[in-house]
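Have a look at structure_33.tsv; it's TSV, C-alpha atoms:
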```tsv
chain	number	residue	atom	x	y	z
R	1	MET	CA	4.98	-0.85	-16.88
R	2	ALA	CA	6.71	0.02	-13.64
R	3	ILE	CA	5.97	2.85	-11.25
R	4	ASP	CA	7.49	3.98	-8.00
R	5	PHE	CA	5.00	4.92	-5.30
R	6	LYS	CA	6.16	5.41	-1.71
R	7	MET	CA	9.48	3.82	-2.68
R	8	LYS	CA	7.80	0.54	-3.60
R	9	PRO	CA	8.15	-0.63	-7.24
R	10	VAL	CA	4.98	-1.98	-8.81
R	11	ASP	CA	5.19	-4.03	-12.00
R	12	GLY	CA	2.56	-5.17	-14.45
R	13	PHE	CA	-1.14	-4.34	-14.41
R	14	ASP	CA	-2.77	-2.39	-11.59
R	15	PRO	CA	-4.73	-4.41	-9.00
R	16	GLU	CA	-8.51	-4.30	-9.35
R	17	LEU	CA	-9.60	-1.69	-6.83
R	18	LEU	CA	-13.32	-2.40	-7.02
R	19	LEU	CA	-14.54	-5.13	-4.71
R	20	ILE	CA	-17.94	-4.96	-6.43
R	21	GLY	CA	-17.74	-4.26	-10.15
R	22	GLU	CA	-21.32	-3.04	-10.51
R	23	GLY	CA	-23.01	0.14	-9.37
R	24	TYR	CA	-19.88	2.27	-9.10
R	25	LEU	CA	-19.55	5.79	-10.49
R	26	ALA	CA	-16.42	7.36	-11.98
R	27	ARG	CA	-15.67	10.74	-13.53
R	28	PRO	CA	-12.94	11.68	-16.04
R	29	VAL	CA	-10.15	13.85	-14.63
R	30	THR	CA	-7.10	15.51	-16.15
R	31	LEU	CA	-3.65	15.00	-14.64
R	32	ASP	CA	-0.07	15.95	-15.42
R	33	LYS	CA	3.33	15.92	-13.69
R	34	THR	CA	2.27	18.75	-11.39
R	35	SER	CA	-0.56	16.60	-10.02
R	36	LEU	CA	1.83	14.71	-7.72
R	37	ALA	CA	4.36	16.59	-5.62
R	38	GLY	CA	7.84	15.11	-5.83
R	39	ILE	CA	7.00	12.86	-8.79
R	40	THR	CA	10.01	10.95	-10.15
R	41	PRO	CA	10.47	9.01	-13.40
R	42	ASP	CA	10.87	5.25	-13.63
R	43	ASP	CA	13.95	3.57	-15.08
R	44	LYS	CA	12.72	4.37	-18.60
R	45	GLY	CA	12.12	8.04	-17.93
R	46	ASN	CA	8.34	7.78	-17.77
R	47	TYR	CA	6.17	9.60	-15.23
R	48	TYR	CA	3.06	8.04	-13.72
R	49	ILE	CA	0.31	9.07	-11.33
R	50	PRO	CA	-0.32	5.82	-9.40
R	51	TYR	CA	-3.65	4.06	-9.05
R	52	GLY	CA	-5.31	4.48	-5.65
R	53	SER	CA	-4.28	8.14	-5.38
R	54	TYR	CA	-6.73	10.42	-3.59
R	55	LEU	CA	-7.71	13.34	-5.83
R	56	TYR	CA	-8.96	16.90	-5.43
R	57	GLY	CA	-8.93	20.02	-7.59
R	58	SER	CA	-5.63	21.84	-8.09
R	59	ASN	CA	-7.42	25.19	-7.70
R	60	GLY	CA	-8.50	24.28	-4.18
R	61	THR	CA	-12.06	23.53	-5.26
R	62	SER	CA	-13.89	20.29	-5.96
R	63	LEU	CA	-13.36	18.52	-9.27
R	64	LEU	CA	-17.06	17.70	-9.21
R	65	VAL	CA	-17.91	21.41	-9.24
R	66	ASP	CA	-15.13	22.50	-11.62
R	67	PRO	CA	-14.12	19.49	-13.76
R	68	ASN	CA	-12.02	21.64	-16.14
R	69	GLN	CA	-9.16	22.10	-13.67
R	70	LEU	CA	-6.25	19.71	-13.17
R	71	ALA	CA	-6.55	17.05	-10.51
R	72	THR	CA	-4.00	17.03	-7.71
R	73	VAL	CA	-2.99	14.12	-5.50
R	74	VAL	CA	-3.88	14.48	-1.83
R	75	VAL	CA	-1.18	12.77	0.24
R	76	PRO	CA	-2.29	11.86	3.79
R	77	THR	CA	0.11	12.11	6.72
R	78	GLU	CA	0.53	8.64	8.19
R	79	ALA	CA	2.08	7.63	11.49
R	80	LYS	CA	1.52	3.88	11.47
R	81	ALA	CA	3.26	1.52	13.89
R	82	THR	CA	6.28	-0.26	12.36
R	83	VAL	CA	8.98	-2.76	13.26
R	84	THR	CA	12.14	-3.70	11.34
R	85	LEU	CA	13.36	-7.30	11.57
R	86	ASP	CA	16.97	-8.29	10.84
R	87	SER	CA	17.60	-4.79	9.43
R	88	GLY	CA	15.72	-5.71	6.23
R	89	LEU	CA	12.04	-6.60	6.68
R	90	VAL	CA	9.71	-3.76	7.67
R	91	LEU	CA	6.23	-4.60	8.96
R	92	THR	CA	3.77	-1.71	9.17
R	93	ALA	CA	0.54	-2.15	11.12
R	94	LYS	CA	-2.59	-1.51	9.08
R	95	ALA	CA	-4.56	-0.35	12.12
R	96	GLU	CA	-4.31	3.22	13.35
R	97	GLY	CA	-3.48	4.40	16.83
R	98	ALA	CA	-1.61	2.67	19.64
R	99	VAL	CA	-0.80	-0.66	18.00
R	100	ALA	CA	1.72	-3.08	19.54
R	101	ILE	CA	2.05	-6.49	17.86
R	102	PRO	CA	4.85	-8.84	19.00
R	103	VAL	CA	6.65	-10.40	16.01
R	104	ALA	CA	8.97	-13.41	16.04
R	105	MET	CA	10.94	-14.43	12.93
R	106	THR	CA	12.49	-17.87	13.41
R	107	VAL	CA	14.35	-20.43	11.32
R	108	ASP	CA	12.54	-23.76	11.24
R	109	THR	CA	14.97	-26.45	10.06
R	110	THR	CA	12.17	-29.03	9.93
R	111	ALA	CA	9.90	-27.01	7.65
R	112	HIS	CA	10.75	-26.59	3.98
R	113	ASN	CA	8.27	-23.78	3.33
R	114	ASP	CA	7.59	-20.47	5.03
R	115	VAL	CA	4.91	-20.72	7.73
R	116	PHE	CA	3.00	-17.68	9.00
R	117	SER	CA	0.66	-17.56	12.00
R	118	TYR	CA	-1.00	-15.05	14.31
R	119	ASN	CA	-2.21	-15.40	17.87
R	120	THR	CA	-3.92	-12.61	19.81
R	121	SER	CA	-1.68	-13.20	22.83
R	122	THR	CA	1.69	-14.06	21.24
R	123	GLY	CA	1.41	-11.99	18.05
R	124	ILE	CA	2.86	-12.83	14.63
R	125	THR	CA	5.16	-15.79	14.04
R	126	ILE	CA	7.19	-16.04	10.83
R	127	LYS	CA	8.92	-19.40	10.38
R	128	LEU	CA	11.47	-19.09	7.60
R	129	GLY	CA	11.46	-22.06	5.23
R	130	THR	CA	14.72	-23.92	4.64
R	131	ASP	CA	16.22	-26.29	2.09
R	132	LYS	CA	17.49	-29.78	2.87
R	133	ALA	CA	20.76	-28.35	4.18
R	134	GLY	CA	18.94	-26.09	6.62
R	135	ASN	CA	19.59	-22.89	4.69
R	136	VAL	CA	16.87	-20.23	4.47
R	137	LYS	CA	15.37	-20.37	0.97
R	138	ASP	CA	13.74	-16.97	0.45
R	139	ASN	CA	15.38	-13.55	0.31
R	140	PHE	CA	13.77	-10.46	1.88
R	141	ALA	CA	11.89	-9.53	-1.30
R	142	GLN	CA	10.38	-13.00	-1.68
R	143	LEU	CA	9.48	-13.15	2.01
R	144	ALA	CA	7.73	-9.75	1.92
R	145	LYS	CA	5.69	-10.80	-1.12
R	146	LYS	CA	4.51	-13.97	0.64
R	147	ILE	CA	3.56	-12.08	3.80
R	148	ASN	CA	1.50	-9.59	1.78
R	149	GLU	CA	-0.31	-12.47	0.07
R	150	ASP	CA	-1.06	-14.36	3.30
R	151	LEU	CA	-4.78	-14.24	4.14
R	152	VAL	CA	-4.19	-13.65	7.86
R	153	LEU	CA	-1.10	-11.45	7.96
R	154	ASN	CA	-2.18	-9.16	5.13
R	155	SER	CA	-5.10	-7.95	7.26
R	156	LEU	CA	-2.71	-6.97	10.07
R	157	VAL	CA	0.47	-5.62	8.46
R	158	VAL	CA	2.08	-4.53	5.21
R	159	ALA	CA	5.55	-5.94	4.52
R	160	THR	CA	8.20	-3.88	2.73
R	161	VAL	CA	11.97	-4.27	2.33
R	162	VAL	CA	14.69	-1.82	3.30
R	163	SER	CA	16.27	-0.46	0.10
R	164	GLY	CA	19.31	-2.50	-0.92
R	165	LYS	CA	18.29	-5.53	1.18
R	166	GLU	CA	15.98	-7.15	-1.39
R	167	ALA	CA	18.36	-10.00	-2.32
R	168	ASP	CA	19.70	-10.58	1.20
R	169	ILE	CA	18.72	-13.69	3.16
R	170	PRO	CA	16.85	-13.01	6.42
R	171	ALA	CA	17.84	-14.45	9.79
R	172	ALA	CA	15.95	-15.04	13.03
R	173	ASP	CA	14.92	-11.89	14.91
R	174	THR	CA	12.17	-10.58	17.20
R	175	GLY	CA	10.52	-7.22	17.81
R	176	THR	CA	7.28	-5.37	18.49
R	177	THR	CA	5.50	-2.86	16.29
R	178	ALA	CA	5.93	0.54	17.91
R	179	SER	CA	2.77	2.47	18.76
R	180	GLY	CA	1.67	4.67	15.90
R	181	GLY	CA	-0.71	7.58	15.46
R	182	ALA	CA	-3.79	8.30	13.43
R	183	THR	CA	-3.67	9.24	9.74
R	184	THR	CA	-4.46	12.89	9.06
R	185	VAL	CA	-5.41	14.64	5.83
R	186	ALA	CA	-5.49	18.41	5.37
R	187	SER	CA	-7.45	18.66	2.09
R	188	ASP	CA	-10.86	17.55	0.95
R	189	ILE	CA	-10.93	14.51	-1.36
R	190	ASP	CA	-13.23	14.01	-4.34
R	191	GLY	CA	-12.39	10.41	-5.23
R	192	ILE	CA	-9.82	7.72	-5.95
R	193	LEU	CA	-7.82	7.27	-9.15
R	194	TYR	CA	-8.95	3.97	-10.70
R	195	HIS	CA	-5.92	3.19	-12.86
R	196	THR	CA	-2.35	4.45	-13.11
R	197	VAL	CA	-2.05	7.34	-15.59
R	198	LYS	CA	1.05	8.05	-17.67
R	199	VAL	CA	1.85	11.78	-17.74
R	200	THR	CA	5.28	11.70	-19.38
R	201	ASP	CA	4.16	13.74	-22.38
R	202	GLY	CA	1.93	16.20	-20.54
R	203	GLU	CA	-1.75	16.17	-19.66
R	204	ALA	CA	-3.58	12.83	-19.65
R	205	THR	CA	-7.05	11.65	-18.70
R	206	GLY	CA	-7.83	9.24	-15.88
R	207	ALA	CA	-10.92	7.84	-14.18
R	208	MET	CA	-11.77	8.97	-10.64
R	209	ILE	CA	-14.04	6.68	-8.60
R	210	ILE	CA	-16.57	8.75	-6.64
R	211	HIS	CA	-19.03	6.03	-5.57
R	212	GLY	CA	-18.58	2.30	-5.03
R	213	VAL	CA	-17.03	-0.43	-2.91
R	214	ILE	CA	-13.22	-0.50	-2.81
R	215	ASN	CA	-11.12	-3.53	-1.90
R	216	ILE	CA	-8.95	-2.28	0.97
R	217	ASP	CA	-6.28	-4.90	0.30
R	218	LYS	CA	-5.73	-3.60	-3.24
R	219	MET	CA	-5.08	-0.02	-2.14
R	220	PRO	CA	-1.44	1.16	-2.00
R	221	SER	CA	-2.02	1.81	1.71
R	222	GLU	CA	-4.98	1.26	3.98
R	223	PRO	CA	-7.19	4.35	4.36
R	224	GLY	CA	-7.60	5.63	7.90
R	225	ALA	CA	-10.68	7.12	9.52
R	226	ALA	CA	-9.78	10.64	8.38
R	227	ILE	CA	-9.68	9.56	4.73
R	228	LYS	CA	-12.90	7.56	4.97
R	229	ALA	CA	-14.64	10.59	6.44
R	230	LYS	CA	-13.70	12.56	3.31
R	231	LEU	CA	-15.23	9.90	1.04
R	232	PRO	CA	-18.75	9.24	2.39
R	233	HIS	CA	-19.94	7.71	-0.89
R	234	ILE	CA	-17.16	5.12	-1.04
R	235	GLN	CA	-17.12	1.98	1.10
R	236	PHE	CA	-13.97	0.04	1.94
R	237	ALA	CA	-14.17	-3.70	2.51
R	238	ARG	CA	-12.22	-6.97	2.25
R	239	ARG	CA	-12.90	-10.11	0.29
R	240	ASP	CA	-11.67	-12.43	3.07
```

Give the structure from this file in C-alpha cells form.
Amino acid sequence: MAIDFKMKPVDGFDPELLLIGEGYLARPVTLDKTSLAGITPDDKGNYYIPYGSYLYGSNGTSLLVDPNQLATVVVPTEAKATVTLDSGLVLTAKAEGAVAIPVAMTVDTTAHNDVFSYNTSTGITIKLGTDKAGNVKDNFAQLAKKINEDLVLNSLVVATVVSGKEADIPAADTGTTASGGATTVASDIDGILYHTVKVTDGEATGAMIIHGVINIDKMPSEPGAAIKAKLPHIQFARRD
C-alpha cells in the first residue's frame, strides 16, 4: 500500500516501531477519516491513518478512560533546523533547539559510490558518486534514501526531496542547517499507533502502544522533549 504522511510517500509494509518486541502493551482504538485533520487519499482513493501517529481521545478525554470514543491524531508543532542543497535535497536536523550543522555536497570524480561522513568541527560531507565518465549516478530520491539509511547521518538529519525534484541529478552545493526551535504539543497523548490503519470505508480498529521501547529511527519524525514528556511509559532508543 502507499500512504502520504507529511508529503512523504511510504510504500510497502510499515517499519517495525518496537525496538524490543517483548513486554510492550497495546490497546485497541477506533479511527476514521475524522481522526486526522487534512487527511488526503492516495492515488487509488484510499485513506490511511499512518503508523507512528500520536493518539488521544476525540472527546478531549483519555482513550484509556473512555475507550469507546474515536481516536484523534495529535500533530505536534515542529520548528526543526533545515537546509536545502541544490534546490532539491532538504536536510532536517533531528535535534531540537539551536542547531547549526555545516553541510558540503561535492562531486568526487575518483569515487564511484556515494560517500557520507561527519566531523564535529567540519560537519556533514556528502560526496556524490560518479560513473566512469564522471557523471553523478544518483538522482535526488536515491540520494535521500541512502542518507536516511546511513548509520551516522541518520542519527543527525532526515533527508527529504523537494516535490518535483525526485528524478533530478544533484550538483555540488554547501550550506548550514538554520537554527530551529523546540517541538511543542498542545494536547495530551495516550499512545502511538502501531500500524497504519485503512479508513476508506469508515471506522476501523488499530493498535495503540501505551508501554514499551520504540525505535526512534523507525518513527515518521523524531519525538522531541515535549512529546516524550506526554508518554512517560514509552521509551525511545536506537539500535546503533

Can you check which parts of region 17-42 of chain R lie within 12 Å of region 177-197 of chain R? Per residue, the shortest pair of atoms and distance in Å to one decimal, counting all atoms listed in the file, sorted by chain and number, as a Markdown table.
```
| residue | atom | partner | partner_atom | distance |
| --- | --- | --- | --- | --- |
| R:Leu17 | CA | R:Tyr194 | CA | 6.9 |
| R:Leu18 | CA | R:Tyr194 | CA | 8.6 |
| R:Tyr24 | CA | R:Tyr194 | CA | 11.2 |
| R:Leu25 | CA | R:Gly191 | CA | 10.0 |
| R:Ala26 | CA | R:Tyr194 | CA | 8.3 |
| R:Arg27 | CA | R:Gly191 | CA | 8.9 |
| R:Pro28 | CA | R:Leu193 | CA | 9.7 |
| R:Val29 | CA | R:Leu193 | CA | 8.9 |
| R:Thr30 | CA | R:Val197 | CA | 9.6 |
| R:Leu31 | CA | R:Val197 | CA | 7.9 |
| R:Asp32 | CA | R:Val197 | CA | 8.8 |
| R:Lys33 | CA | R:Val197 | CA | 10.3 |
| R:Ser35 | CA | R:Val197 | CA | 10.9 |
| R:Leu36 | CA | R:Val197 | CA | 11.5 |
```

Selected residue, from R:Ala144, R:Leu231, R:Val103, R:Ala37, that lies nearest to Ser121 (chain R) when counting all atoms listed in the file = R:Val103

Which residue gives the smallest distance to Val83 (chain R) among R:Val199, R:Ile101, R:Ile209, R:Ala204, with all atoms listed in the file counted?
-> R:Ile101

For CA of Glu222 (chain R) and CA of Ile39 (chain R), quote the distance in Å rounded to one decimal.
->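 Distance between the two atoms: 21.0 Å.
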
Where is the centre and how long are the edges: axis-aligned box on region 48-52 of chain R, 6 Å on each side, Å to one decimal, as lines of an AutoDock Vina configuration file:
```
center_x = -1.1
center_y = 6.6
center_z = -9.7
size_x = 20.4
size_y = 17.0
size_z = 20.1
```

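Among the candidate residues R:Val75, R:Ala111, R:Ala98, R:Ile20, the one lying nearest to Ile216 (chain R) is R:Ile20, with distances computed using all atoms listed in the file.
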
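Relative to CA of Pro15 (chain R), CA of Gly45 (chain R) is found at 22.8 Å.
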
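The closest residue to Thr109 (chain R), picked from R:Glu96, R:Asp131, R:Glu78, R:Glu166 and counting only C-alpha atoms, is R:Asp131.
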
To one decimal in Å, tell me the separation between CA of His112 (chain R) and CA of Ala141 (chain R).
-> 17.9 Å

Using all atoms listed in the file: which of R:Lys80, R:Lys145, R:Arg238, R:Lys137 has the shortest distance to Val107 (chain R) =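 Nearest to Val107 (chain R): R:Lys137.
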
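The nearest approach to Asp14 (chain R) among the residues R:Lys218, R:Lys198, R:Leu156, R:Tyr48, with all atoms listed in the file taken into account, belongs to R:Lys218.
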
Mind listing as a PyMOL selection string all residues within 10 Å of (-3.8, -6.9, 5.6), counting only C-alpha atoms?
-> chain R and resi 92-95+147-159+216-218+221-222+238+240

For the selection you just gave me, I'd like the residues written to a file as a PDB file, keeping the file's coordinate frame, keeping C-alpha atoms.
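Saved the output as part30.pdb:
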```
ATOM      1  CA  THR R  92       3.770  -1.710   9.170  1.00  0.00           C
ATOM      2  CA  ALA R  93       0.540  -2.150  11.120  1.00  0.00           C
ATOM      3  CA  LYS R  94      -2.590  -1.510   9.080  1.00  0.00           C
ATOM      4  CA  ALA R  95      -4.560  -0.350  12.120  1.00  0.00           C
ATOM      5  CA  ILE R 147       3.560 -12.080   3.800  1.00  0.00           C
ATOM      6  CA  ASN R 148       1.500  -9.590   1.780  1.00  0.00           C
ATOM      7  CA  GLU R 149      -0.310 -12.470   0.070  1.00  0.00           C
ATOM      8  CA  ASP R 150      -1.060 -14.360   3.300  1.00  0.00           C
ATOM      9  CA  LEU R 151      -4.780 -14.240   4.140  1.00  0.00           C
ATOM     10  CA  VAL R 152      -4.190 -13.650   7.860  1.00  0.00           C
ATOM     11  CA  LEU R 153      -1.100 -11.450   7.960  1.00  0.00           C
ATOM     12  CA  ASN R 154      -2.180  -9.160   5.130  1.00  0.00           C
ATOM     13  CA  SER R 155      -5.100  -7.950   7.260  1.00  0.00           C
ATOM     14  CA  LEU R 156      -2.710  -6.970  10.070  1.00  0.00           C
ATOM     15  CA  VAL R 157       0.470  -5.620   8.460  1.00  0.00           C
ATOM     16  CA  VAL R 158       2.080  -4.530   5.210  1.00  0.00           C
ATOM     17  CA  ALA R 159       5.550  -5.940   4.520  1.00  0.00           C
ATOM     18  CA  ILE R 216      -8.950  -2.280   0.970  1.00  0.00           C
ATOM     19  CA  ASP R 217      -6.280  -4.900   0.300  1.00  0.00           C
ATOM     20  CA  LYS R 218      -5.730  -3.600  -3.240  1.00  0.00           C
ATOM     21  CA  SER R 221      -2.020   1.810   1.710  1.00  0.00           C
ATOM     22  CA  GLU R 222      -4.980   1.260   3.980  1.00  0.00           C
ATOM     23  CA  ARG R 238     -12.220  -6.970   2.250  1.00  0.00           C
ATOM     24  CA  ASP R 240     -11.670 -12.430   3.070  1.00  0.00           C
TER      25      ASP R 240
END
```

Could I see region 60-80 of chain R restored to N, CA and C atoms, set down as a compact mmCIF listing (two decimals), in the frame of the given file?
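After the write, selection.txt holds the following:
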```
# COMPACT_ATOMS: atom_id res chain seq x y z
N GLY R 60 -7.98 24.23 -5.54
CA GLY R 60 -8.50 24.28 -4.18
C GLY R 60 -10.00 24.15 -4.12
N THR R 61 -10.62 23.76 -5.23
CA THR R 61 -12.06 23.53 -5.26
C THR R 61 -12.33 22.13 -5.79
N SER R 62 -13.54 21.66 -5.59
CA SER R 62 -13.89 20.29 -5.96
C SER R 62 -13.86 20.07 -7.47
N LEU R 63 -13.34 18.92 -7.86
CA LEU R 63 -13.36 18.52 -9.27
C LEU R 63 -14.79 18.27 -9.75
N LEU R 64 -15.67 17.96 -8.84
CA LEU R 64 -17.06 17.70 -9.21
C LEU R 64 -17.79 19.00 -9.53
N VAL R 65 -17.32 20.10 -8.96
CA VAL R 65 -17.91 21.41 -9.24
C VAL R 65 -17.24 22.06 -10.44
N ASP R 66 -15.91 21.93 -10.51
CA ASP R 66 -15.13 22.50 -11.62
C ASP R 66 -14.28 21.40 -12.25
N PRO R 67 -14.84 20.62 -13.17
CA PRO R 67 -14.12 19.49 -13.76
C PRO R 67 -13.05 19.91 -14.77
N ASN R 68 -12.98 21.20 -15.12
CA ASN R 68 -12.02 21.64 -16.14
C ASN R 68 -10.63 21.92 -15.57
N GLN R 69 -10.47 21.87 -14.28
CA GLN R 69 -9.16 22.10 -13.67
C GLN R 69 -8.38 20.79 -13.59
N LEU R 70 -7.07 20.89 -13.37
CA LEU R 70 -6.25 19.71 -13.17
C LEU R 70 -6.56 19.07 -11.82
N ALA R 71 -6.43 17.75 -11.77
CA ALA R 71 -6.55 17.05 -10.51
C ALA R 71 -5.20 17.05 -9.81
N THR R 72 -5.23 17.12 -8.50
CA THR R 72 -4.00 17.03 -7.71
C THR R 72 -4.12 15.88 -6.72
N VAL R 73 -2.99 15.26 -6.42
CA VAL R 73 -2.99 14.12 -5.50
C VAL R 73 -2.92 14.62 -4.06
N VAL R 74 -3.86 14.17 -3.26
CA VAL R 74 -3.88 14.48 -1.83
C VAL R 74 -3.11 13.39 -1.10
N VAL R 75 -2.02 13.75 -0.45
CA VAL R 75 -1.18 12.77 0.24
C VAL R 75 -1.42 12.86 1.75
N PRO R 76 -2.03 11.84 2.35
CA PRO R 76 -2.29 11.86 3.79
C PRO R 76 -0.98 11.78 4.58
N THR R 77 -1.01 12.25 5.80
CA THR R 77 0.11 12.11 6.72
C THR R 77 -0.15 10.89 7.59
N GLU R 78 0.72 9.89 7.47
CA GLU R 78 0.53 8.64 8.19
C GLU R 78 1.57 8.48 9.29
N ALA R 79 1.16 7.91 10.39
CA ALA R 79 2.08 7.63 11.49
C ALA R 79 1.78 6.23 12.01
N LYS R 80 1.86 5.25 11.11
CA LYS R 80 1.52 3.88 11.47
C LYS R 80 2.65 3.22 12.26
```
